[in-house]
file start_33.cif (mmCIF, C-alpha atoms and all ligand atoms)
data_query
#
loop_
_atom_site.group_PDB
_atom_site.id
_atom_site.type_symbol
_atom_site.label_atom_id
_atom_site.label_comp_id
_atom_site.auth_asym_id
_atom_site.auth_seq_id
_atom_site.Cartn_x
_atom_site.Cartn_y
_atom_site.Cartn_z
ATOM 1 C CA MET K 1131 0.000 0.000 0.000
ATOM 2 C CA ALA K 1132 1.291 3.389 -0.961
ATOM 3 C CA MET K 1133 0.211 5.696 1.805
ATOM 4 C CA ALA K 1134 -2.253 5.504 4.646
ATOM 5 C CA ALA K 1135 -5.820 6.347 3.763
ATOM 6 C CA THR K 1136 -8.609 7.766 5.863
ATOM 7 C CA VAL K 1137 -12.001 6.304 5.080
ATOM 8 C CA TYR K 1138 -15.606 7.372 5.530
ATOM 9 C CA VAL K 1139 -18.141 4.515 5.585
ATOM 10 C CA ASN K 1140 -21.800 5.385 6.139
ATOM 11 C CA GLY K 1141 -21.207 8.107 8.696
ATOM 12 C CA GLN K 1142 -18.083 6.665 10.329
ATOM 13 C CA ILE K 1143 -14.565 7.849 9.653
ATOM 14 C CA SER K 1144 -11.701 5.509 10.421
ATOM 15 C CA SER K 1145 -8.208 4.508 9.391
ATOM 16 C CA GLU K 1146 -7.838 2.227 6.373
ATOM 17 C CA ARG K 1147 -7.267 -0.758 8.708
ATOM 18 C CA ASP K 1148 -10.620 -0.329 10.396
ATOM 19 C CA ALA K 1149 -12.694 0.626 7.366
ATOM 20 C CA VAL K 1150 -15.070 -2.232 6.576
ATOM 21 C CA VAL K 1151 -18.148 -2.985 4.492
ATOM 22 C CA SER K 1152 -20.453 -5.971 4.987
ATOM 23 C CA VAL K 1153 -19.861 -9.024 2.785
ATOM 24 C CA PHE K 1154 -23.608 -8.859 2.078
ATOM 25 C CA ASP K 1155 -23.211 -5.470 0.430
ATOM 26 C CA HIS K 1156 -24.249 -5.922 -3.178
ATOM 27 C CA GLY K 1157 -21.241 -3.833 -4.115
ATOM 28 C CA PHE K 1158 -19.110 -6.729 -2.857
ATOM 29 C CA LEU K 1159 -21.420 -9.589 -3.854
ATOM 30 C CA TYR K 1160 -22.313 -8.403 -7.360
ATOM 31 C CA GLY K 1161 -20.108 -5.405 -8.104
ATOM 32 C CA GLU K 1162 -23.234 -3.242 -8.011
ATOM 33 C CA GLY K 1163 -21.893 0.177 -7.344
ATOM 34 C CA VAL K 1164 -20.482 3.275 -8.980
ATOM 35 C CA TYR K 1165 -17.551 5.483 -8.138
ATOM 36 C CA GLU K 1166 -15.541 8.572 -8.915
ATOM 37 C CA VAL K 1167 -11.893 9.471 -8.436
ATOM 38 C CA CYS K 1168 -10.819 13.050 -8.256
ATOM 39 C CA ARG K 1169 -7.845 14.857 -6.850
ATOM 40 C CA THR K 1170 -7.155 18.147 -5.188
ATOM 41 C CA TYR K 1171 -4.760 20.911 -6.105
ATOM 42 C CA HIS K 1172 -3.878 23.255 -3.254
ATOM 43 C CA GLY K 1173 -6.445 21.522 -1.061
ATOM 44 C CA GLN K 1174 -9.293 22.110 -3.530
ATOM 45 C CA PRO K 1175 -11.001 19.290 -5.426
ATOM 46 C CA PHE K 1176 -10.561 19.780 -9.191
ATOM 47 C CA LEU K 1177 -13.817 19.711 -11.233
ATOM 48 C CA LEU K 1178 -15.644 17.965 -8.384
ATOM 49 C CA ASP K 1179 -18.981 19.248 -9.734
ATOM 50 C CA ARG K 1180 -18.385 17.327 -12.967
ATOM 51 C CA HIS K 1181 -17.414 14.196 -11.012
ATOM 52 C CA LEU K 1182 -20.593 14.350 -8.921
ATOM 53 C CA THR K 1183 -22.694 14.846 -12.053
ATOM 54 C CA ARG K 1184 -21.082 11.770 -13.613
ATOM 55 C CA LEU K 1185 -21.566 9.795 -10.367
ATOM 56 C CA ARG K 1186 -25.303 10.516 -10.607
ATOM 57 C CA ALA K 1187 -25.337 9.550 -14.282
ATOM 58 C CA SER K 1188 -23.557 6.254 -13.513
ATOM 59 C CA ALA K 1189 -25.957 5.555 -10.630
ATOM 60 C CA GLY K 1190 -28.912 6.272 -12.924
ATOM 61 C CA LEU K 1191 -27.617 3.740 -15.448
ATOM 62 C CA ILE K 1192 -27.728 0.985 -12.796
ATOM 63 C CA ALA K 1193 -31.038 2.215 -11.321
ATOM 64 C CA LEU K 1194 -29.386 3.193 -8.060
ATOM 65 C CA PRO K 1195 -31.161 6.127 -6.394
ATOM 66 C CA VAL K 1196 -28.763 8.700 -4.916
ATOM 67 C CA PRO K 1197 -30.329 9.988 -1.693
ATOM 68 C CA TYR K 1198 -27.843 12.851 -1.242
ATOM 69 C CA ASP K 1199 -27.538 16.272 -2.790
ATOM 70 C CA ASP K 1200 -24.170 17.747 -3.728
ATOM 71 C CA THR K 1201 -23.776 19.643 -0.434
ATOM 72 C CA ILE K 1202 -23.955 16.344 1.465
ATOM 73 C CA PHE K 1203 -21.218 14.882 -0.755
ATOM 74 C CA LEU K 1204 -19.114 18.040 -0.353
ATOM 75 C CA ASP K 1205 -19.517 18.011 3.441
ATOM 76 C CA ARG K 1206 -18.631 14.324 3.725
ATOM 77 C CA ILE K 1207 -15.613 14.739 1.456
ATOM 78 C CA ALA K 1208 -14.409 17.758 3.454
ATOM 79 C CA GLU K 1209 -14.887 15.826 6.719
ATOM 80 C CA THR K 1210 -12.878 12.887 5.401
ATOM 81 C CA MET K 1211 -10.128 15.148 4.085
ATOM 82 C CA SER K 1212 -9.934 16.970 7.419
ATOM 83 C CA ALA K 1213 -9.662 13.686 9.301
ATOM 84 C CA ALA K 1214 -6.878 12.710 6.889
ATOM 85 C CA GLY K 1215 -5.070 15.980 7.599
ATOM 86 C CA LEU K 1216 -5.375 16.967 3.940
ATOM 87 C CA LEU K 1217 -7.136 20.318 4.437
ATOM 88 C CA PRO K 1218 -6.479 23.191 4.204
ATOM 89 C CA TRP K 1219 -3.836 24.037 1.646
ATOM 90 C CA LYS K 1220 -0.376 24.469 3.110
ATOM 91 C CA PRO K 1221 2.761 25.478 1.217
ATOM 92 C CA GLY K 1222 4.421 22.241 0.188
ATOM 93 C CA GLY K 1223 1.417 20.317 1.489
ATOM 94 C CA GLN K 1224 0.292 17.073 -0.137
ATOM 95 C CA ASP K 1225 -2.470 17.077 -2.705
ATOM 96 C CA ALA K 1226 -5.193 14.536 -2.053
ATOM 97 C CA TYR K 1227 -6.606 11.537 -3.878
ATOM 98 C CA ILE K 1228 -10.339 11.210 -3.281
ATOM 99 C CA ARG K 1229 -12.405 8.168 -4.219
ATOM 100 C CA VAL K 1230 -16.163 8.265 -3.710
ATOM 101 C CA LEU K 1231 -18.044 4.956 -3.940
ATOM 102 C CA LEU K 1232 -21.768 4.394 -3.787
ATOM 103 C CA THR K 1233 -23.027 0.814 -3.749
ATOM 104 C CA ARG K 1234 -26.452 -0.828 -3.709
ATOM 105 C CA GLY K 1235 -25.990 -1.550 0.002
ATOM 106 C CA VAL K 1236 -26.657 -4.573 2.186
ATOM 107 C CA GLY K 1237 -29.497 -6.927 1.317
ATOM 108 C CA GLU K 1238 -30.720 -10.461 0.673
ATOM 109 C CA LEU K 1239 -28.951 -12.630 -1.903
ATOM 110 C CA THR K 1240 -31.067 -11.548 -4.825
ATOM 111 C CA TYR K 1241 -30.650 -9.206 -7.800
ATOM 112 C CA ASP K 1242 -33.917 -7.487 -6.864
ATOM 113 C CA PRO K 1243 -32.905 -3.891 -6.053
ATOM 114 C CA ALA K 1244 -35.835 -3.717 -3.620
ATOM 115 C CA ALA K 1245 -33.816 -5.988 -1.298
ATOM 116 C CA CYS K 1246 -31.404 -3.137 -0.504
ATOM 117 C CA LYS K 1247 -32.937 -0.267 1.385
ATOM 118 C CA THR K 1248 -29.911 2.008 1.878
ATOM 119 C CA PRO K 1249 -26.919 2.507 -0.388
ATOM 120 C CA THR K 1250 -23.446 2.353 1.097
ATOM 121 C CA LEU K 1251 -21.378 5.514 0.794
ATOM 122 C CA VAL K 1252 -17.608 5.205 1.056
ATOM 123 C CA ILE K 1253 -15.077 8.014 0.692
ATOM 124 C CA ILE K 1254 -11.369 7.249 0.608
ATOM 125 C CA ALA K 1255 -8.959 10.142 1.076
ATOM 126 C CA ARG K 1256 -5.219 9.799 1.000
ATOM 127 C CA PRO K 1257 -2.204 11.783 -0.166
ATOM 128 C CA HIS K 1258 -2.025 11.872 -3.954
ATOM 129 C CA VAL K 1259 0.909 9.929 -5.367
ATOM 130 C CA ALA K 1260 1.896 11.362 -8.737
ATOM 131 C CA PRO K 1261 3.481 9.193 -11.420
ATOM 132 C CA PRO K 1262 7.274 9.636 -11.579
ATOM 133 C CA ALA K 1263 8.480 12.789 -13.410
ATOM 134 C CA ARG K 1264 10.023 10.664 -16.203
ATOM 135 C CA VAL K 1265 6.511 9.567 -17.243
ATOM 136 C CA TYR K 1266 5.847 13.162 -18.363
ATOM 137 C CA GLU K 1267 9.387 13.977 -19.465
ATOM 138 C CA GLU K 1268 10.050 10.853 -21.530
ATOM 139 C CA GLY K 1269 6.565 9.510 -22.246
ATOM 140 C CA VAL K 1270 5.384 5.929 -21.827
ATOM 141 C CA ASN K 1271 4.966 2.647 -23.665
ATOM 142 C CA VAL K 1272 1.420 1.311 -23.939
ATOM 143 C CA ALA K 1273 0.281 -2.171 -24.911
ATOM 144 C CA ILE K 1274 -2.641 -2.941 -27.202
ATOM 145 C CA VAL K 1275 -4.281 -5.861 -25.430
ATOM 146 C CA PRO K 1276 -6.591 -8.597 -26.771
ATOM 147 C CA ILE K 1277 -9.154 -8.036 -23.998
ATOM 148 C CA GLN K 1278 -12.007 -6.135 -25.660
ATOM 149 C CA ARG K 1279 -13.653 -3.202 -23.947
ATOM 150 C CA ASN K 1280 -17.138 -4.150 -22.781
ATOM 151 C CA ALA K 1281 -19.693 -3.707 -25.547
ATOM 152 C CA PRO K 1282 -22.099 -0.872 -24.660
ATOM 153 C CA GLU K 1283 -25.054 -3.236 -25.137
ATOM 154 C CA ALA K 1284 -23.520 -5.660 -22.603
ATOM 155 C CA LEU K 1285 -22.050 -3.429 -19.906
ATOM 156 C CA ASN K 1286 -21.958 0.209 -20.926
ATOM 157 C CA PRO K 1287 -18.485 1.724 -20.334
ATOM 158 C CA LEU K 1288 -20.295 5.028 -19.680
ATOM 159 C CA ILE K 1289 -21.114 3.529 -16.282
ATOM 160 C CA LYS K 1290 -18.140 4.220 -14.026
ATOM 161 C CA SER K 1291 -18.815 1.004 -12.177
ATOM 162 C CA ASN K 1292 -17.048 -0.640 -9.256
ATOM 163 C CA ASN K 1293 -17.199 -3.786 -11.361
ATOM 164 C CA LEU K 1294 -13.758 -3.343 -12.916
ATOM 165 C CA LEU K 1295 -12.978 -6.884 -14.060
ATOM 166 C CA ASN K 1296 -12.797 -5.896 -17.743
ATOM 167 C CA ASN K 1297 -10.320 -3.130 -16.874
ATOM 168 C CA ALA K 1298 -8.289 -5.278 -14.460
ATOM 169 C CA LEU K 1299 -7.930 -8.139 -16.986
ATOM 170 C CA ALA K 1300 -6.787 -5.686 -19.645
ATOM 171 C CA MET K 1301 -4.232 -4.118 -17.318
ATOM 172 C CA GLN K 1302 -2.892 -7.551 -16.312
ATOM 173 C CA ARG K 1303 -2.016 -8.098 -19.968
ATOM 174 C CA ALA K 1304 -0.392 -4.674 -20.243
ATOM 175 C CA LEU K 1305 1.708 -5.257 -17.128
ATOM 176 C CA ALA K 1306 2.935 -8.544 -18.595
ATOM 177 C CA GLN K 1307 4.047 -6.565 -21.681
ATOM 178 C CA SER K 1308 5.666 -3.689 -19.725
ATOM 179 C CA GLY K 1309 2.845 -1.357 -20.708
ATOM 180 C CA PHE K 1310 2.122 1.707 -18.616
ATOM 181 C CA GLU K 1311 -1.445 1.325 -19.850
ATOM 182 C CA ALA K 1312 -3.585 -1.175 -21.743
ATOM 183 C CA VAL K 1313 -5.165 0.093 -24.959
ATOM 184 C CA MET K 1314 -8.466 -1.681 -25.577
ATOM 185 C CA ARG K 1315 -10.442 -2.090 -28.788
ATOM 186 C CA ASN K 1316 -14.208 -2.426 -28.986
ATOM 187 C CA HIS K 1317 -16.083 -5.377 -30.507
ATOM 188 C CA LEU K 1318 -15.718 -3.780 -33.954
ATOM 189 C CA GLY K 1319 -11.936 -3.646 -33.640
ATOM 190 C CA GLU K 1320 -11.925 0.143 -33.244
ATOM 191 C CA LEU K 1321 -9.739 1.690 -30.577
ATOM 192 C CA ALA K 1322 -11.846 2.548 -27.519
ATOM 193 C CA GLU K 1323 -9.877 3.620 -24.470
ATOM 194 C CA CYS K 1324 -7.324 2.429 -21.935
ATOM 195 C CA SER K 1325 -7.985 0.449 -18.754
ATOM 196 C CA GLN K 1326 -8.026 3.605 -16.619
ATOM 197 C CA SER K 1327 -7.641 6.506 -19.014
ATOM 198 C CA ASN K 1328 -8.804 7.852 -22.374
ATOM 199 C CA LEU K 1329 -6.766 7.727 -25.560
ATOM 200 C CA PHE K 1330 -5.803 10.473 -28.016
ATOM 201 C CA VAL K 1331 -3.632 10.627 -31.118
ATOM 202 C CA VAL K 1332 -2.256 13.627 -32.976
ATOM 203 C CA ARG K 1333 -1.960 13.417 -36.768
ATOM 204 C CA ASP K 1334 -1.004 16.312 -39.035
ATOM 205 C CA GLY K 1335 -1.619 18.806 -36.240
ATOM 206 C CA GLN K 1336 -5.103 17.440 -35.514
ATOM 207 C CA VAL K 1337 -6.077 15.918 -32.165
ATOM 208 C CA LEU K 1338 -8.206 12.781 -32.571
ATOM 209 C CA THR K 1339 -10.006 10.673 -29.996
ATOM 210 C CA PRO K 1340 -12.580 7.876 -30.291
ATOM 211 C CA PRO K 1341 -16.211 9.039 -29.943
ATOM 212 C CA LEU K 1342 -18.306 7.950 -26.959
ATOM 213 C CA ARG K 1343 -20.263 5.631 -29.269
ATOM 214 C CA ALA K 1344 -17.090 3.511 -29.616
ATOM 215 C CA GLY K 1345 -17.816 2.406 -26.025
ATOM 216 C CA LEU K 1346 -15.756 4.287 -23.489
ATOM 217 C CA LEU K 1347 -15.989 6.317 -20.329
ATOM 218 C CA ALA K 1348 -16.817 9.995 -20.824
ATOM 219 C CA GLY K 1349 -13.584 10.998 -19.108
ATOM 220 C CA ILE K 1350 -13.616 14.348 -17.382
ATOM 221 C CA THR K 1351 -10.001 14.961 -18.409
ATOM 222 C CA ARG K 1352 -10.920 13.833 -21.956
ATOM 223 C CA GLN K 1353 -13.657 16.470 -22.062
ATOM 224 C CA LEU K 1354 -11.299 19.070 -20.603
ATOM 225 C CA ALA K 1355 -8.668 18.189 -23.226
ATOM 226 C CA LEU K 1356 -11.251 18.782 -25.998
ATOM 227 C CA GLU K 1357 -12.259 22.091 -24.401
ATOM 228 C CA MET K 1358 -8.592 23.102 -24.254
ATOM 229 C CA CYS K 1359 -8.171 22.217 -27.937
ATOM 230 C CA ARG K 1360 -11.075 24.540 -28.763
ATOM 231 C CA LYS K 1361 -9.606 27.325 -26.602
ATOM 232 C CA GLU K 1362 -6.091 26.884 -27.989
ATOM 233 C CA ARG K 1363 -7.437 26.644 -31.549
ATOM 234 C CA ILE K 1364 -5.946 23.203 -32.023
ATOM 235 C CA PRO K 1365 -8.077 21.316 -34.581
ATOM 236 C CA PHE K 1366 -9.727 18.245 -33.046
ATOM 237 C CA GLU K 1367 -12.209 15.565 -33.955
ATOM 238 C CA GLU K 1368 -13.949 12.684 -32.222
ATOM 239 C CA ARG K 1369 -13.847 9.837 -34.702
ATOM 240 C CA SER K 1370 -13.371 6.132 -34.958
ATOM 241 C CA LEU K 1371 -9.679 5.129 -34.846
ATOM 242 C CA HIS K 1372 -7.784 1.935 -35.632
ATOM 243 C CA ASP K 1373 -4.419 0.427 -34.671
ATOM 244 C CA GLU K 1374 -2.653 1.898 -37.738
ATOM 245 C CA GLU K 1375 -3.618 5.418 -36.727
ATOM 246 C CA LEU K 1376 -2.040 4.936 -33.333
ATOM 247 C CA PHE K 1377 1.124 3.313 -34.723
ATOM 248 C CA GLY K 1378 1.342 5.976 -37.416
ATOM 249 C CA ALA K 1379 0.561 8.947 -35.153
ATOM 250 C CA ASP K 1380 2.841 11.968 -34.825
ATOM 251 C CA GLU K 1381 2.002 12.094 -31.133
ATOM 252 C CA ALA K 1382 -0.291 10.266 -28.756
ATOM 253 C CA PHE K 1383 -1.362 10.724 -25.177
ATOM 254 C CA LEU K 1384 -3.682 9.453 -22.493
ATOM 255 C CA THR K 1385 -5.765 11.390 -20.001
ATOM 256 C CA SER K 1386 -7.141 10.776 -16.520
ATOM 257 C CA SER K 1387 -7.907 12.727 -13.374
ATOM 258 C CA THR K 1388 -5.009 11.262 -11.432
ATOM 259 C CA ARG K 1389 -2.478 11.139 -14.294
ATOM 260 C CA GLU K 1390 -3.548 14.287 -16.123
ATOM 261 C CA ILE K 1391 -1.986 14.201 -19.625
ATOM 262 C CA VAL K 1392 0.629 11.516 -20.253
ATOM 263 C CA PRO K 1393 2.567 11.392 -23.541
ATOM 264 C CA ILE K 1394 2.654 7.988 -25.266
ATOM 265 C CA VAL K 1395 5.910 7.440 -27.180
ATOM 266 C CA ARG K 1396 5.819 3.683 -27.830
ATOM 267 C CA VAL K 1397 3.060 1.230 -28.642
ATOM 268 C CA ASP K 1398 3.880 -2.446 -28.085
ATOM 269 C CA GLY K 1399 7.510 -1.345 -27.893
ATOM 270 C CA ARG K 1400 7.381 0.359 -31.321
ATOM 271 C CA GLU K 1401 8.312 3.998 -31.393
ATOM 272 C CA ILE K 1402 5.667 6.443 -32.605
ATOM 273 C CA GLY K 1403 6.393 9.913 -33.977
ATOM 274 C CA THR K 1404 9.809 11.121 -32.890
ATOM 275 C CA GLY K 1405 9.825 8.792 -29.907
ATOM 276 C CA ARG K 1406 9.745 11.864 -27.668
ATOM 277 C CA PRO K 1407 6.811 13.819 -26.164
ATOM 278 C CA GLY K 1408 5.651 16.245 -28.854
ATOM 279 C CA ALA K 1409 4.666 19.887 -29.188
ATOM 280 C CA VAL K 1410 0.881 19.421 -29.105
ATOM 281 C CA VAL K 1411 1.050 17.432 -25.857
ATOM 282 C CA ALA K 1412 3.279 20.156 -24.407
ATOM 283 C CA ARG K 1413 0.751 22.855 -25.370
ATOM 284 C CA LEU K 1414 -2.121 20.917 -23.854
ATOM 285 C CA ARG K 1415 -0.110 20.319 -20.713
ATOM 286 C CA GLN K 1416 0.430 24.098 -20.366
ATOM 287 C CA ALA K 1417 -3.274 24.730 -20.922
ATOM 288 C CA PHE K 1418 -4.020 22.088 -18.291
ATOM 289 C CA LEU K 1419 -1.848 23.867 -15.723
ATOM 290 C CA ALA K 1420 -3.702 27.101 -16.518
ATOM 291 C CA ALA K 1421 -7.047 25.338 -15.957
ATOM 292 C CA ILE K 1422 -5.837 24.111 -12.569
ATOM 293 C CA ALA K 1423 -4.759 27.647 -11.633
ATOM 294 C CA ARG K 1424 -8.203 28.922 -12.707
ATOM 295 C CA HIS K 1425 -10.282 26.282 -10.930
ATOM 296 C CA CYS K 1426 -8.087 25.764 -7.878
ATOM 297 C CA PRO K 1427 -6.417 29.100 -7.112
ATOM 298 C CA VAL K 1428 -3.866 29.132 -4.328
ATOM 299 C CA THR K 1429 -5.612 30.617 -1.284
ATOM 300 C CA THR K 1430 -3.958 30.977 2.075
HETATM 301 C C1 LIG K 1501 -11.953 3.180 -18.070
HETATM 302 C C2 LIG K 1501 -11.556 4.597 -17.811
HETATM 303 N N1 LIG K 1501 -11.449 5.453 -18.829
HETATM 304 C C3 LIG K 1501 -11.085 6.739 -18.649
HETATM 305 C C4 LIG K 1501 -10.786 7.237 -17.391
HETATM 306 C C5 LIG K 1501 -10.389 8.680 -17.231
HETATM 307 O O1 LIG K 1501 -11.470 9.433 -16.735
HETATM 308 P P1 LIG K 1501 -11.265 10.799 -15.953
HETATM 309 O O2 LIG K 1501 -10.529 11.734 -16.841
HETATM 310 O O3 LIG K 1501 -12.674 11.248 -15.696
HETATM 311 O O4 LIG K 1501 -10.508 10.507 -14.697
HETATM 312 C C6 LIG K 1501 -10.884 6.387 -16.292
HETATM 313 C C7 LIG K 1501 -10.568 6.916 -14.966
HETATM 314 O O5 LIG K 1501 -10.433 6.234 -14.011
HETATM 315 C C8 LIG K 1501 -11.294 5.046 -16.496
HETATM 316 O O6 LIG K 1501 -11.400 4.190 -15.461
#
call {"tool": "encode", "arguments": {"input": "start_33.cif", "output": "structure tokens", "more": "lines below"}}
Ligand SMILES: Cc1ncc(COP(=O)(O)O)c(C=O)c1O
result
Amino acid sequence: MAMAATVYVNGQISSERDAVVSVFDHGFLYGEGVYEVCRTYHGQPFLLDRHLTRLRASAGLIALPVPYDDTIFLDRIAETMSAAGLLPWKPGGQDAYIRVLLTRGVGELTYDPAACKTPTLVIIARPHVAPPARVYEEGVNVAIVPIQRNAPEALNPLIKSNNLLNNALAMQRALAQSGFEAVMRNHLGELAECSQSNLFVVRDGQVLTPPLRAGLLAGITRQLALEMCRKERIPFEERSLHDEELFGADEAFLTSSTREIVPIVRVDGREIGTGRPGAVVARLRQAFLAAIARHCPVTT
């Protein structure tokens, strides 16, 4: 385990050792739950409103009522962060990793949602551990894996679900191939996304990413990257992509809340572009830092 976490479970805050959920929770039994991961900059959660909106959307897609409004979530998150000693911002202080999980709750051994009266709310707060600097400076190798991304008609990747077996199996393959991430295709053979991040390529100065209909999570950093392209007047398009377009890209990168924007410089060990992080990724990275400064200003 990286660093000690502080955990909120249904009204109780405890250390990671003492944080427990019933084995009869349908989140544990059936993977019936949804979650969000966001991080703080200078003690302030980044784009938390968007994360909470997506949490509600995910919950809606599994017919899980959310009995809390945003203020309740904000209060519980702040409480958990305080207990973890991660608030307020201090010079040189650690940024926080925040994971919010909402599961169906405890109930009889049946798929009938009526069996679970109260959802389980869990919030995990711990110091954020950033990837090593070389990840951003040198870029990473990713592996295209044979595990297909769930088909939307089977298990919609728009649901940010606690049931992460598809993602875990893909990442196991990538780890075996020294991949920083696993690139997954959909059932049509189109590129979809990575096991825990979204995928972009840059070709002839244009930023390209698979459309949501390819079957992928509507990443908040993905959306932000597209907004930054618009602002920076970098041409972009959401369109179906194939292996060749990744191998033949000038640049490529992946996005996620915890990893931000990571340059991809090799795919299955084969160099793409110059083999070094490129100019478009660098511009987007700058724009990203500006967005952080805008949304999470340093306040003392
Ligand atoms: C499958 C998948 N795709 C994409 C992402 C990136 O999403 P976001 O930018 O909202 O963190 C994640 C994040 O965990 C993910 O699990």
call {"tool": "closest_residue", "arguments": {"input": "start_33.cif", "among": "K:Gly1141, K:Pro1175, K:Pro1257, K:Gly1309", "to": "K:Arg1206", "atoms": "only C-alpha atoms"}}
result
K:Gly1141
call {"tool": "residues_around", "arguments": {"input": "start_33.cif", "residues": "K:Pro1407", "least_positions_apart": "6", "cutoff": "8 Å", "atoms": "only C-alpha atoms", "output": "list in words"}}
result
Tyr1266, Glu1267, Glu1268, Gly1269, Glu1381, Pro1393, Ile1394 and Val1395 of chain K
call {"tool": "closest_atom_pairs", "arguments": {"input": "start_33.cif", "of": "chain K", "to": "ligand LIG 1501 (chain K)", "cutoff": "7 Å", "atoms": "only C-alpha atoms and all ligand atoms", "output": "Markdown table"}}
result
| residue | atom | partner | partner_atom | distance |
| --- | --- | --- | --- | --- |
| K:Val1167 | CA | K:LIG1501 | O4 | 6.5 |
| K:Cys1168 | CA | K:LIG1501 | O4 | 6.9 |
| K:Lys1290 | CA | K:LIG1501 | O6 | 6.9 |
| K:Asn1297 | CA | K:LIG1501 | C1 | 6.6 |
| K:Glu1323 | CA | K:LIG1501 | N1 | 6.1 |
| K:Cys1324 | CA | K:LIG1501 | N1 | 6.0 |
| K:Ser1325 | CA | K:LIG1501 | C1 | 4.9 |
| K:Gln1326 | CA | K:LIG1501 | C8 | 3.6 |
| K:Ser1327 | CA | K:LIG1501 | C3 | 3.5 |
| K:Asn1328 | CA | K:LIG1501 | C3 | 4.5 |
| K:Leu1346 | CA | K:LIG1501 | N1 | 6.5 |
| K:Leu1347 | CA | K:LIG1501 | N1 | 4.9 |
| K:Ala1348 | CA | K:LIG1501 | O3 | 6.7 |
| K:Gly1349 | CA | K:LIG1501 | O3 | 3.5 |
| K:Ile1350 | CA | K:LIG1501 | O3 | 3.7 |
| K:Thr1351 | CA | K:LIG1501 | O2 | 3.6 |
| K:Arg1352 | CA | K:LIG1501 | O2 | 5.5 |
| K:Thr1385 | CA | K:LIG1501 | O2 | 5.7 |
| K:Ser1386 | CA | K:LIG1501 | O2 | 3.5 |
| K:Ser1387 | CA | K:LIG1501 | O4 | 3.7 |
| K:Thr1388 | CA | K:LIG1501 | O4 | 6.4 |
call {"tool": "closest_residue", "arguments": {"input": "start_33.cif", "among": "K:Ser1370, K:Thr1233, K:Gln1353, K:Asn1316", "to": "K:Leu1338", "atoms": "all atoms listed in the file"}}
result
K:Ser1370
call {"tool": "resolve_selection", "arguments": {"input": "start_33.cif", "expression": "the PyMOL selection byres (((chain K and resi 1303) around 10) and not hetatm)", "output": "MDAnalysis selection string"}}
result
chainID K and resid 1273:1277 1298:1302 1304:1309 1311:1312
call {"tool": "residues_around", "arguments": {"input": "start_33.cif", "residues": "stretch 1401-1404 of chain K", "least_positions_apart": "3", "cutoff": "8 Å", "atoms": "all atoms listed in the file", "output": "CSV table (one decimal) with C-alpha atoms, in the coordinates of the input"}}
result
chain,number,residue,atom,x,y,z
K,1376,LEU,CA,-2.0,4.9,-33.3
K,1377,PHE,CA,1.1,3.3,-34.7
K,1378,GLY,CA,1.3,6.0,-37.4
K,1379,ALA,CA,0.6,8.9,-35.2
K,1380,ASP,CA,2.8,12.0,-34.8
K,1381,GLU,CA,2.0,12.1,-31.1
K,1395,VAL,CA,5.9,7.4,-27.2
K,1396,ARG,CA,5.8,3.7,-27.8
K,1397,VAL,CA,3.1,1.2,-28.6
K,1407,PRO,CA,6.8,13.8,-26.2
K,1408,GLY,CA,5.7,16.2,-28.9
call {"tool": "resolve_selection", "arguments": {"input": "start_33.cif", "expression": "the PyMOL selection byres (((chain K and resi 1411) around 9) and not hetatm)", "output": "VMD selection string"}}
result
chain K and resid 1332 1381 to 1383 1391 to 1393 1407 to 1410 1412 to 1416
call {"tool": "write_last_selection", "arguments": {"input": "start_33.cif", "atoms": "C-alpha atoms", "output": "mmCIF file, in the coordinates of the input"}}
result
data_model
loop_
_atom_site.group_PDB
_atom_site.id
_atom_site.type_symbol
_atom_site.label_atom_id
_atom_site.label_comp_id
_atom_site.auth_asym_id
_atom_site.auth_seq_id
_atom_site.Cartn_x
_atom_site.Cartn_y
_atom_site.Cartn_z
ATOM 1 C CA VAL K 1332 -2.256 13.627 -32.976
ATOM 2 C CA GLU K 1381 2.002 12.094 -31.133
ATOM 3 C CA ALA K 1382 -0.291 10.266 -28.756
ATOM 4 C CA PHE K 1383 -1.362 10.724 -25.177
ATOM 5 C CA ILE K 1391 -1.986 14.201 -19.625
ATOM 6 C CA VAL K 1392 0.629 11.516 -20.253
ATOM 7 C CA PRO K 1393 2.567 11.392 -23.541
ATOM 8 C CA PRO K 1407 6.811 13.819 -26.164
ATOM 9 C CA GLY K 1408 5.651 16.245 -28.854
ATOM 10 C CA ALA K 1409 4.666 19.887 -29.188
ATOM 11 C CA VAL K 1410 0.881 19.421 -29.105
ATOM 12 C CA ALA K 1412 3.279 20.156 -24.407
ATOM 13 C CA ARG K 1413 0.751 22.855 -25.370
ATOM 14 C CA LEU K 1414 -2.121 20.917 -23.854
ATOM 15 C CA ARG K 1415 -0.110 20.319 -20.713
ATOM 16 C CA GLN K 1416 0.430 24.098 -20.366
#
call {"tool": "closest_residue", "arguments": {"input": "start_33.cif", "among": "K:Arg1315, K:His1156, K:Arg1180, K:Arg1369", "to": "K:Pro1340", "atoms": "only C-alpha atoms"}}
result
K:Arg1369
call {"tool": "closest_residue", "arguments": {"input": "start_33.cif", "among": "K:Asn1140, K:Ser1145, K:Thr1170, K:Thr1339", "to": "K:Val1259", "atoms": "all atoms listed in the file"}}
result
K:Thr1170
call {"tool": "closest_residue", "arguments": {"input": "start_33.cif", "among": "K:Thr1250, K:Gln1174, K:Ser1188, K:Gln1224", "to": "K:Leu1204", "atoms": "only C-alpha atoms"}}
result
K:Gln1174
call {"tool": "atom_distance", "arguments": {"input": "start_33.cif", "atom1": "atom CA of K:Val1150", "atom2": "atom CA of K:Gly1173"}}
result
26.4 Å
call {"tool": "residues_near_point", "arguments": {"input": "start_33.cif", "point": "(-24.9, -1.6, -23.7)", "cutoff": "12 Å", "atoms": "all atoms listed in the file", "output": "list in words"}}
result
Leu1191, Ile1192, Arg1279, Asn1280, Ala1281, Pro1282, Glu1283, Ala1284, Leu1285, Asn1286, Pro1287, Leu1288, Ile1289, Asn1316, His1317, Arg1343, Ala1344, Gly1345 and Leu1346 of chain K
